[in-house]
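Everything below belongs to run_39.json, which stores JSON, C-alpha atoms.
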```
[["chain", "number", "residue", "atom", "x", "y", "z"],
["L", 28, "MET", "CA", -56.97, -14.61, -82.51],
["L", 29, "GLU", "CA", -53.65, -16.07, -81.49],
["L", 30, "LYS", "CA", -50.62, -15.44, -83.63],
["L", 31, "PHE", "CA", -49.11, -18.47, -85.30],
["L", 32, "GLU", "CA", -45.86, -18.31, -83.41],
["L", 33, "ALA", "CA", -43.93, -21.38, -82.37],
["L", 34, "LYS", "CA", -42.79, -20.18, -78.96],
["L", 35, "GLN", "CA", -40.33, -21.71, -76.56],
["L", 36, "TYR", "CA", -41.83, -22.33, -73.13],
["L", 37, "PHE", "CA", -40.15, -21.43, -69.86],
["L", 38, "SER", "CA", -40.92, -22.44, -66.31],
["L", 39, "GLU", "CA", -42.79, -20.19, -63.92],
["L", 40, "GLU", "CA", -43.45, -20.12, -60.21],
["L", 41, "GLU", "CA", -46.53, -22.06, -59.17],
["L", 42, "LYS", "CA", -48.51, -18.87, -58.58],
["L", 43, "PRO", "CA", -48.45, -16.11, -61.22],
["L", 44, "ILE", "CA", -46.92, -12.85, -60.15],
["L", 45, "GLU", "CA", -46.64, -9.56, -61.96],
["L", 46, "GLU", "CA", -43.28, -9.24, -63.61],
["L", 47, "LYS", "CA", -41.52, -6.02, -64.44],
["L", 48, "SER", "CA", -39.32, -6.29, -67.49],
["L", 49, "GLU", "CA", -36.10, -4.55, -66.66],
["L", 50, "LYS", "CA", -34.68, -2.55, -69.52],
["L", 51, "ILE", "CA", -31.89, -4.70, -70.88],
["L", 52, "GLU", "CA", -29.20, -3.06, -72.93],
["L", 53, "ILE", "CA", -26.99, -5.22, -75.14],
["L", 54, "SER", "CA", -24.01, -3.45, -76.62],
["L", 55, "LYS", "CA", -23.75, -3.28, -80.37],
["L", 56, "GLU", "CA", -20.56, -5.35, -80.29],
["L", 57, "ASP", "CA", -22.07, -8.08, -78.09],
["L", 58, "TRP", "CA", -25.24, -8.25, -80.17],
["L", 59, "GLN", "CA", -23.25, -8.45, -83.41],
["L", 60, "PHE", "CA", -21.28, -11.39, -82.01],
["L", 61, "PHE", "CA", -24.33, -13.26, -80.69],
["L", 62, "TRP", "CA", -26.35, -12.38, -83.76],
["L", 63, "LYS", "CA", -23.78, -13.95, -86.07],
["L", 64, "VAL", "CA", -23.52, -17.15, -84.01],
["L", 65, "LEU", "CA", -27.25, -17.53, -83.44],
["L", 66, "LYS", "CA", -28.11, -16.62, -87.02],
["L", 67, "ILE", "CA", -25.75, -19.27, -88.39],
["L", 68, "ILE", "CA", -27.22, -21.95, -86.09],
["L", 69, "ALA", "CA", -30.85, -21.01, -86.77],
["L", 70, "GLN", "CA", -30.42, -20.72, -90.52],
["L", 71, "ARG", "CA", -28.41, -23.93, -90.75],
["L", 72, "VAL", "CA", -30.94, -25.95, -88.75],
["L", 73, "GLY", "CA", -33.85, -24.32, -90.56],
["L", 74, "ASP", "CA", -32.16, -24.80, -93.94],
["L", 75, "ASP", "CA", -33.06, -21.21, -94.80],
["L", 76, "PHE", "CA", -30.14, -18.83, -95.17],
["L", 77, "ARG", "CA", -32.45, -15.92, -96.00],
["L", 78, "MET", "CA", -34.40, -16.20, -92.75],
["L", 79, "GLU", "CA", -34.36, -13.04, -90.64],
["L", 80, "VAL", "CA", -33.06, -13.34, -87.08],
["L", 81, "LYS", "CA", -33.83, -10.33, -84.90],
["L", 82, "LEU", "CA", -33.83, -9.02, -81.33],
["L", 83, "GLY", "CA", -37.19, -8.61, -79.62],
["L", 84, "GLU", "CA", -38.40, -6.98, -76.42],
["L", 85, "PRO", "CA", -37.13, -8.11, -72.99],
["L", 86, "GLY", "CA", -39.62, -10.62, -71.60],
["L", 87, "GLY", "CA", -41.40, -10.98, -74.93],
["L", 88, "GLY", "CA", -40.22, -14.53, -75.49],
["L", 89, "SER", "CA", -38.19, -16.12, -78.26],
["L", 90, "PHE", "CA", -40.15, -17.52, -81.17],
["L", 91, "PHE", "CA", -40.36, -18.48, -84.82],
["L", 92, "ASN", "CA", -43.05, -16.63, -86.75],
["L", 93, "PRO", "CA", -44.22, -18.63, -89.79],
["L", 94, "GLU", "CA", -46.08, -15.58, -91.10],
["L", 95, "ASP", "CA", -42.82, -14.03, -92.29],
["L", 96, "CYS", "CA", -40.39, -16.91, -91.57],
["L", 97, "SER", "CA", -38.42, -14.94, -88.99],
["L", 98, "ILE", "CA", -36.95, -15.75, -85.59],
["L", 99, "THR", "CA", -37.11, -13.28, -82.71],
["L", 100, "PHE", "CA", -34.84, -13.62, -79.68],
["L", 101, "ASP", "CA", -35.73, -12.39, -76.23],
["L", 102, "PRO", "CA", -32.62, -10.42, -75.12],
["L", 103, "LEU", "CA", -33.08, -11.82, -71.61],
["L", 104, "HIS", "CA", -32.37, -15.30, -72.94],
["L", 105, "ILE", "CA", -29.14, -14.15, -74.56],
["L", 106, "LYS", "CA", -27.96, -12.02, -71.64],
["L", 107, "GLU", "CA", -28.73, -14.50, -68.86],
["L", 108, "ASN", "CA", -27.73, -17.78, -70.49],
["L", 109, "PRO", "CA", -25.79, -17.97, -73.78],
["L", 110, "GLU", "CA", -26.11, -21.78, -73.79],
["L", 111, "LEU", "CA", -29.89, -21.42, -73.63],
["L", 112, "ALA", "CA", -29.71, -19.00, -76.55],
["L", 113, "ILE", "CA", -27.83, -21.62, -78.59],
["L", 114, "PHE", "CA", -30.56, -24.17, -77.87],
["L", 115, "ILE", "CA", -33.25, -21.64, -78.80],
["L", 116, "ALA", "CA", -31.50, -20.87, -82.08],
["L", 117, "GLY", "CA", -31.55, -24.55, -82.99],
["L", 118, "HIS", "CA", -35.07, -25.10, -81.66],
["L", 119, "GLU", "CA", -36.62, -22.19, -83.54],
["L", 120, "GLY", "CA", -34.63, -23.12, -86.63],
["L", 121, "ALA", "CA", -36.15, -26.59, -86.40],
["L", 122, "HIS", "CA", -39.60, -24.99, -86.30],
["L", 123, "ARG", "CA", -38.67, -23.24, -89.54],
["L", 124, "ALA", "CA", -37.77, -26.61, -91.03],
["L", 125, "ILE", "CA", -40.82, -28.73, -90.12],
["L", 126, "THR", "CA", -43.53, -26.55, -88.49],
["L", 127, "LEU", "CA", -46.01, -25.29, -91.06],
["L", 128, "HIS", "CA", -48.34, -22.31, -91.10],
["L", 129, "PRO", "CA", -52.01, -23.41, -90.87],
["L", 130, "ARG", "CA", -52.48, -22.38, -94.51],
["L", 131, "GLU", "CA", -49.81, -24.91, -95.49],
["L", 132, "LEU", "CA", -51.71, -27.53, -93.51],
["L", 133, "GLY", "CA", -54.61, -26.99, -95.88],
["L", 134, "LEU", "CA", -56.82, -24.94, -93.56],
["L", 135, "SER", "CA", -59.10, -22.26, -94.94],
["L", 136, "GLN", "CA", -59.02, -18.78, -93.41],
["L", 137, "GLU", "CA", -62.39, -19.52, -91.82],
["L", 138, "LYS", "CA", -61.07, -22.70, -90.19],
["L", 139, "ILE", "CA", -57.94, -20.92, -89.00],
["L", 140, "ARG", "CA", -60.09, -18.30, -87.25],
["L", 141, "GLU", "CA", -62.36, -20.99, -85.82],
["L", 142, "PHE", "CA", -59.52, -23.03, -84.33],
["L", 143, "TYR", "CA", -57.09, -20.35, -83.18],
["L", 144, "SER", "CA", -59.70, -18.07, -81.63],
["L", 145, "GLN", "CA", -60.24, -20.76, -78.98],
["L", 146, "ILE", "CA", -58.32, -20.26, -75.74],
["L", 147, "GLY", "CA", -55.66, -22.93, -75.36],
["L", 148, "PHE", "CA", -55.79, -24.31, -78.91],
["L", 149, "GLY", "CA", -52.56, -22.69, -80.08],
["L", 150, "TYR", "CA", -50.86, -23.56, -76.79],
["L", 151, "LEU", "CA", -51.77, -27.23, -77.22],
["L", 152, "GLN", "CA", -50.42, -27.36, -80.76],
["L", 153, "ASN", "CA", -47.14, -25.78, -79.62],
["L", 154, "VAL", "CA", -46.49, -27.97, -76.57],
["L", 155, "ILE", "CA", -46.78, -31.10, -78.71],
["L", 156, "GLU", "CA", -44.91, -29.56, -81.63],
["L", 157, "ASP", "CA", -41.96, -28.58, -79.42],
["L", 158, "PRO", "CA", -40.91, -32.17, -78.56],
["L", 159, "ALA", "CA", -41.37, -33.13, -82.22],
["L", 160, "VAL", "CA", -39.04, -30.41, -83.48],
["L", 161, "ASN", "CA", -36.56, -31.12, -80.67],
["L", 162, "ASP", "CA", -36.33, -34.79, -81.63],
["L", 163, "TRP", "CA", -35.97, -33.93, -85.31],
["L", 164, "MET", "CA", -33.30, -31.34, -84.49],
["L", 165, "THR", "CA", -31.17, -33.55, -82.23],
["L", 166, "GLU", "CA", -31.27, -36.43, -84.70],
["L", 167, "LYS", "CA", -30.20, -34.19, -87.55],
["L", 168, "PHE", "CA", -27.72, -32.13, -85.50],
["L", 169, "PRO", "CA", -26.42, -34.33, -82.62],
["L", 170, "GLY", "CA", -24.22, -31.50, -81.39],
["L", 171, "LEU", "CA", -27.34, -29.73, -80.12],
["L", 172, "LYS", "CA", -28.51, -32.70, -78.05],
["L", 173, "GLU", "CA", -26.52, -31.73, -74.96],
["L", 174, "TYR", "CA", -27.89, -28.17, -75.07],
["L", 175, "THR", "CA", -31.42, -29.56, -75.34],
["L", 176, "GLN", "CA", -30.89, -31.97, -72.45],
["L", 177, "ARG", "CA", -29.51, -29.27, -70.15],
["L", 178, "THR", "CA", -32.26, -26.82, -71.06],
["L", 179, "TYR", "CA", -35.09, -29.19, -70.14],
["L", 180, "ASP", "CA", -33.27, -30.55, -67.10],
["L", 181, "GLU", "CA", -33.33, -27.00, -65.78],
["L", 182, "LEU", "CA", -36.89, -26.22, -66.89],
["L", 183, "LEU", "CA", -38.33, -29.36, -65.31],
["L", 184, "LYS", "CA", -36.22, -29.66, -62.18],
["L", 185, "GLU", "CA", -39.23, -28.81, -59.98],
["L", 186, "GLU", "CA", -42.34, -30.98, -59.69],
["L", 187, "GLY", "CA", -45.52, -29.50, -61.13],
["L", 188, "VAL", "CA", -43.77, -26.55, -62.76],
["L", 189, "VAL", "CA", -45.79, -24.67, -65.38],
["L", 190, "LEU", "CA", -44.18, -23.92, -68.74],
["L", 191, "SER", "CA", -45.43, -20.61, -69.95],
["L", 192, "THR", "CA", -45.26, -17.81, -72.51],
["L", 193, "PRO", "CA", -46.09, -14.11, -72.04],
["L", 194, "GLU", "CA", -49.56, -14.73, -73.53],
["L", 195, "VAL", "CA", -50.26, -17.57, -71.11],
["L", 196, "ARG", "CA", -49.07, -15.42, -68.20],
["L", 197, "ARG", "CA", -51.62, -12.78, -69.11],
["L", 198, "ILE", "CA", -54.40, -15.38, -68.97],
["L", 199, "ALA", "CA", -53.07, -16.65, -65.64],
["L", 200, "ASP", "CA", -52.94, -13.12, -64.23],
["L", 201, "GLN", "CA", -56.58, -12.65, -65.18],
["L", 202, "LEU", "CA", -57.65, -15.96, -63.63],
["L", 203, "GLY", "CA", -55.42, -15.65, -60.59],
["L", 204, "TYR", "CA", -53.97, -19.14, -61.07],
["L", 205, "TRP", "CA", -52.34, -21.27, -63.76],
["L", 206, "PRO", "CA", -55.09, -22.63, -66.04],
["L", 207, "LYS", "CA", -55.57, -26.38, -66.18],
["L", 208, "PHE", "CA", -54.66, -26.52, -69.86],
["L", 209, "THR", "CA", -51.21, -25.08, -69.09],
["L", 210, "GLN", "CA", -50.70, -27.72, -66.41],
["L", 211, "TYR", "CA", -51.67, -30.34, -68.99],
["L", 212, "GLY", "CA", -49.28, -28.97, -71.61],
["L", 213, "SER", "CA", -46.40, -28.76, -69.16],
["L", 214, "GLU", "CA", -46.86, -32.41, -68.22],
["L", 215, "ILE", "CA", -46.92, -33.39, -71.90],
["L", 216, "ILE", "CA", -43.41, -31.95, -72.19],
["L", 217, "ARG", "CA", -42.34, -33.60, -68.92],
["L", 218, "ASP", "CA", -43.49, -36.96, -70.29],
["L", 219, "TRP", "CA", -41.40, -36.40, -73.40],
["L", 220, "HIS", "CA", -38.28, -35.44, -71.44],
["L", 221, "GLN", "CA", -38.57, -37.58, -68.29],
["L", 222, "GLY", "CA", -41.03, -40.29, -69.28],
["L", 223, "ARG", "CA", -43.37, -39.48, -66.40],
["L", 224, "PHE", "CA", -45.83, -36.99, -64.95],
["L", 225, "SER", "CA", -45.51, -34.94, -61.77],
["L", 226, "GLN", "CA", -46.74, -36.83, -58.72],
["L", 227, "GLU", "CA", -49.16, -34.16, -57.49],
["L", 228, "LEU", "CA", -51.61, -33.17, -60.21],
["L", 229, "ASP", "CA", -55.09, -31.73, -60.46],
["L", 230, "PRO", "CA", -57.36, -34.81, -60.87],
["L", 231, "ALA", "CA", -58.97, -33.36, -64.01],
["L", 232, "VAL", "CA", -55.55, -32.73, -65.55],
["L", 233, "ARG", "CA", -54.36, -36.25, -64.72],
["L", 234, "LYS", "CA", -57.53, -37.71, -66.24],
["L", 235, "ALA", "CA", -57.00, -35.76, -69.47],
["L", 236, "LEU", "CA", -53.37, -36.88, -69.60],
["L", 237, "GLU", "CA", -54.26, -40.53, -69.11],
["L", 238, "ARG", "CA", -56.86, -40.33, -71.87],
["L", 239, "THR", "CA", -54.61, -38.64, -74.42],
["L", 240, "ILE", "CA", -50.98, -39.48, -73.69],
["L", 241, "ASP", "CA", -50.80, -42.27, -76.28],
["L", 242, "ASP", "CA", -52.00, -39.86, -78.95],
["L", 243, "ALA", "CA", -49.58, -37.16, -77.77],
["L", 244, "ARG", "CA", -46.69, -39.62, -78.01],
["L", 245, "LYS", "CA", -47.80, -40.70, -81.46],
["L", 246, "SER", "CA", -48.07, -37.09, -82.61],
["L", 247, "ARG", "CA", -44.65, -36.00, -81.35],
["L", 248, "THR", "CA", -42.94, -38.98, -83.03],
["L", 249, "THR", "CA", -44.61, -38.31, -86.39],
["L", 250, "ILE", "CA", -41.72, -36.38, -87.89],
["L", 251, "PRO", "CA", -39.98, -36.36, -91.27],
["L", 252, "ASP", "CA", -36.75, -38.28, -91.73],
["L", 253, "PRO", "CA", -33.99, -35.97, -90.40],
["L", 254, "LYS", "CA", -31.56, -37.39, -92.95],
["L", 255, "LYS", "CA", -33.67, -36.19, -95.86],
["L", 256, "SER", "CA", -35.12, -32.88, -97.02],
["L", 257, "ASP", "CA", -38.34, -34.16, -98.52],
["L", 258, "ARG", "CA", -40.90, -31.34, -98.65],
["L", 259, "LYS", "CA", -43.76, -33.76, -99.29],
["L", 260, "GLU", "CA", -42.87, -35.74, -96.16],
["L", 261, "ILE", "CA", -42.58, -32.54, -94.11],
["L", 262, "ILE", "CA", -46.10, -31.54, -95.19],
["L", 263, "ARG", "CA", -47.54, -35.03, -94.69],
["L", 264, "THR", "CA", -46.15, -35.44, -91.16],
["L", 265, "ALA", "CA", -47.09, -31.88, -90.13],
["L", 266, "ARG", "CA", -50.66, -32.45, -91.27],
["L", 267, "GLU", "CA", -50.82, -35.75, -89.42],
["L", 268, "ARG", "CA", -49.56, -34.15, -86.19],
["L", 269, "PHE", "CA", -52.16, -31.42, -86.52],
["L", 270, "ARG", "CA", -54.90, -33.98, -87.19],
["L", 271, "ILE", "CA", -54.00, -36.08, -84.13],
["L", 272, "ASN", "CA", -53.75, -33.01, -81.91],
["L", 273, "THR", "CA", -57.02, -31.53, -83.13],
["L", 274, "GLU", "CA", -59.22, -34.61, -83.44],
["L", 275, "ASN", "CA", -57.93, -36.80, -80.61],
["L", 276, "ILE", "CA", -56.40, -34.49, -78.01],
["L", 277, "TRP", "CA", -58.06, -31.08, -78.25],
["L", 278, "PRO", "CA", -61.55, -32.33, -77.20],
["L", 279, "GLU", "CA", -60.12, -33.41, -73.83],
["L", 280, "VAL", "CA", -58.04, -30.26, -73.39],
["L", 281, "ARG", "CA", -61.04, -28.12, -74.31],
["L", 282, "LYS", "CA", -62.85, -29.62, -71.31],
["L", 283, "LEU", "CA", -60.06, -28.27, -69.09],
["L", 284, "VAL", "CA", -60.40, -24.83, -70.70],
["L", 285, "GLU", "CA", -64.15, -24.91, -70.09],
["L", 286, "MET", "CA", -63.58, -25.77, -66.42],
["L", 287, "ASP", "CA", -61.36, -22.70, -66.07],
["L", 288, "LEU", "CA", -63.89, -20.50, -67.85],
["L", 289, "ARG", "CA", -66.71, -21.71, -65.59],
["L", 290, "THR", "CA", -64.58, -20.98, -62.54],
["L", 291, "GLU", "CA", -63.85, -17.49, -63.84],
["L", 292, "GLU", "CA", -67.54, -16.93, -64.63],
["L", 293, "LYS", "CA", -68.55, -17.91, -61.10],
["L", 294, "ARG", "CA", -65.86, -15.69, -59.63],
["L", 295, "GLN", "CA", -67.01, -12.77, -61.77],
["L", 296, "MET", "CA", -70.63, -13.36, -60.71],
["L", 297, "LEU", "CA", -69.57, -13.36, -57.06],
["L", 298, "LYS", "CA", -67.57, -10.17, -57.61],
["L", 299, "ASP", "CA", -70.59, -8.50, -59.26],
["L", 300, "PHE", "CA", -72.85, -9.68, -56.42],
["L", 301, "ARG", "CA", -70.53, -8.22, -53.79],
["L", 302, "GLN", "CA", -70.36, -4.96, -55.72],
["L", 303, "LYS", "CA", -74.16, -4.81, -55.80],
["L", 304, "GLN", "CA", -74.24, -5.45, -52.06],
["L", 305, "LYS", "CA", -71.87, -2.54, -51.48],
["L", 306, "GLU", "CA", -73.98, -0.27, -53.69],
["L", 307, "LEU", "CA", -77.18, -1.24, -51.86],
["L", 308, "GLU", "CA", -75.52, -0.71, -48.49],
["L", 309, "GLN", "CA", -74.33, 2.71, -49.59],
["L", 310, "LYS", "CA", -77.85, 3.59, -50.77],
["L", 311, "ARG", "CA", -79.30, 2.44, -47.44],
["L", 312, "LYS", "CA", -76.88, 4.63, -45.50],
["L", 313, "GLU", "CA", -77.68, 7.62, -47.69],
["L", 314, "MET", "CA", -81.42, 7.11, -47.12],
["L", 315, "GLU", "CA", -80.93, 6.85, -43.34],
["L", 316, "GLU", "CA", -78.87, 10.04, -43.28],
["L", 317, "ALA", "CA", -81.53, 11.84, -45.34],
["L", 318, "GLN", "CA", -84.28, 11.06, -42.80]]
```
Rewrite the structure of this file - the entire thing - as structure tokens.
Amino acid sequence: MEKFEAKQYFSEEEKPIEEKSEKIEISKEDWQFFWKVLKIIAQRVGDDFRMEVKLGEPGGGSFFNPEDCSITFDPLHIKENPELAIFIAGHEGAHRAITLHPRELGLSQEKIREFYSQIGFGYLQNVIEDPAVNDWMTEKFPGLKEYTQRTYDELLKEEGVVLSTPEVRRIADQLGYWPKFTQYGSEIIRDWHQGRFSQELDPAVRKALERTIDDARKSRTTIPDPKKSDRKEIIRTARERFRINTENIWPEVRKLVEMDLRTEEKRQMLKDFRQKQKELEQKRKEMEEAQ
């Protein structure tokens, strides 16, 4: 089952490749400096000055974990681009403020397992939640708007780019290509940032986008008033976003997931068939040699 982590998505090359996470060392002094700055931003945006902010593994992604209300930073993000780290601090802090754990949405443990055990379900929720928290954050803290703009300008500078997390990369590595649901999710974020889709898209992905984009736009704009701290409104809007995503959008995205699974099943069947052919050929040769 997927963890309930609100992860930031980063662009990938069109074709998945194996990545080797170089061991990144951040000096104690540098980390203390960044930690103080990032912690202040994240806690201020999240309105939680007890929230833990910690350093994760290189390549592990930066994310907010609603299970324990903590934020983990990928050291690569801090080392390679301090401005990006500032955006991430605000972004993940905004998740702390308005993104709720499924239990807080009113889901039973059984329903949580049912939904989040499905490939792509958690990804879909996150790619629509990200624009929502970004809009809430930049309205409440206008100083972070420029960091947000520059971050997504860079992420989406290439047509058809896939926005990914380490978990999604593992699925892509297994399939040998970027799954259709990740193409869909990436274009949802492009629509939010650029008001358009990439020109060249898989026909099935484009069809799903055309059928659901109005609902995606409605979901991402269903946010609490940034000028208030009304817990009831935070819960109400979070539940409504989840409802729209699950009832109106997920059925179409699930079709894309099923297409990928059928493709993988056929490929596996072909692989098994070829293996059987090799085994039979080997048996035939052994029998001929025995005569």
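Atom CA of Thr239 of chain L is found 28.1 Å from atom CA of Ser89 of chain L.
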d(atom CA of Glu94 of chain L, atom CA of Arg130 of chain L) in Å: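 Atom-to-atom, atom CA of Glu94 of chain L to atom CA of Arg130 of chain L, that is 9.9 Å.
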Quick one, how far is atom CA of Val154 of chain L from atom CA of Lys106 of chain L?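 Interatomic distance, atom CA of Val154 of chain L to atom CA of Lys106 of chain L: 24.9 Å.
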For Lys254 of chain L: contacts at 12 Å, only C-alpha atoms, fewer than 3 positions along chain excluded, given as a ChimeraX atom specification: /L:163-169,250-251,257,260
Which residue is closest to Tyr174 of chain L? Choose from L:Gln210, L:Ser191, L:Gln70, L:Asn108 and count all atoms listed in the file.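 With all atoms listed in the file as the atom set, the closest residue is L:Asn108.
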Please provide as a list in words all residues within 10 Å of Gly87 of chain L, with the sequence filter that same-chain residues fewer than 5 positions apart are discarded (counting all atoms listed in the file).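 That gives Ser48, Thr99, Phe100, Asp101, Pro102, Leu103, Thr192, Pro193 and Glu194 of chain L.
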Which residue is closest to Arg289 of chain L? Choose from L:Ile240, L:Leu202, L:Val232, L:Ile261 and count all atoms listed in the file. L:Leu202
Long-range neighbours of segment 215-229 of chain L as a count of residues only, 7 Å cut-off, only C-alpha atoms, 4 positions minimum in chain: 7
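When all atoms listed in the file are used to measure the gap to Ala116 of chain L, the shortest distance among L:Leu171, L:Ala69, L:Leu288, L:Leu82 belongs to L:Ala69.
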Tell me, as number ranges by chain, which residues lie within 9 Å of Arg266 of chain L, counting all atoms listed in the file; anything in the same chain fewer than 4 positions away does not count. L: 127, 131-133, 261-262, 270-271
Would you please work out which residue, of L:Ala235, L:Ala243, L:Ile105, L:Ala265, is nearest to Arg281 of chain L when using all atoms listed in the file?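 Of L:Ala235, L:Ala243, L:Ile105, L:Ala265, the one nearest Arg281 of chain L, counting all atoms listed in the file, is L:Ala235.
With distances restricted to all atoms listed in the file, L:Thr126 is the closest residue to Thr264 of chain L from L:Thr126, L:Asp287, L:Thr209, L:Val64.
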Taking into account all atoms listed in the file, which residue in the set L:Phe114, L:Tyr179, L:Phe269, L:Tyr204 is nearest to Asn153 of chain L?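 Residue with the minimum atom-to-atom distance to Asn153 of chain L: L:Phe269.
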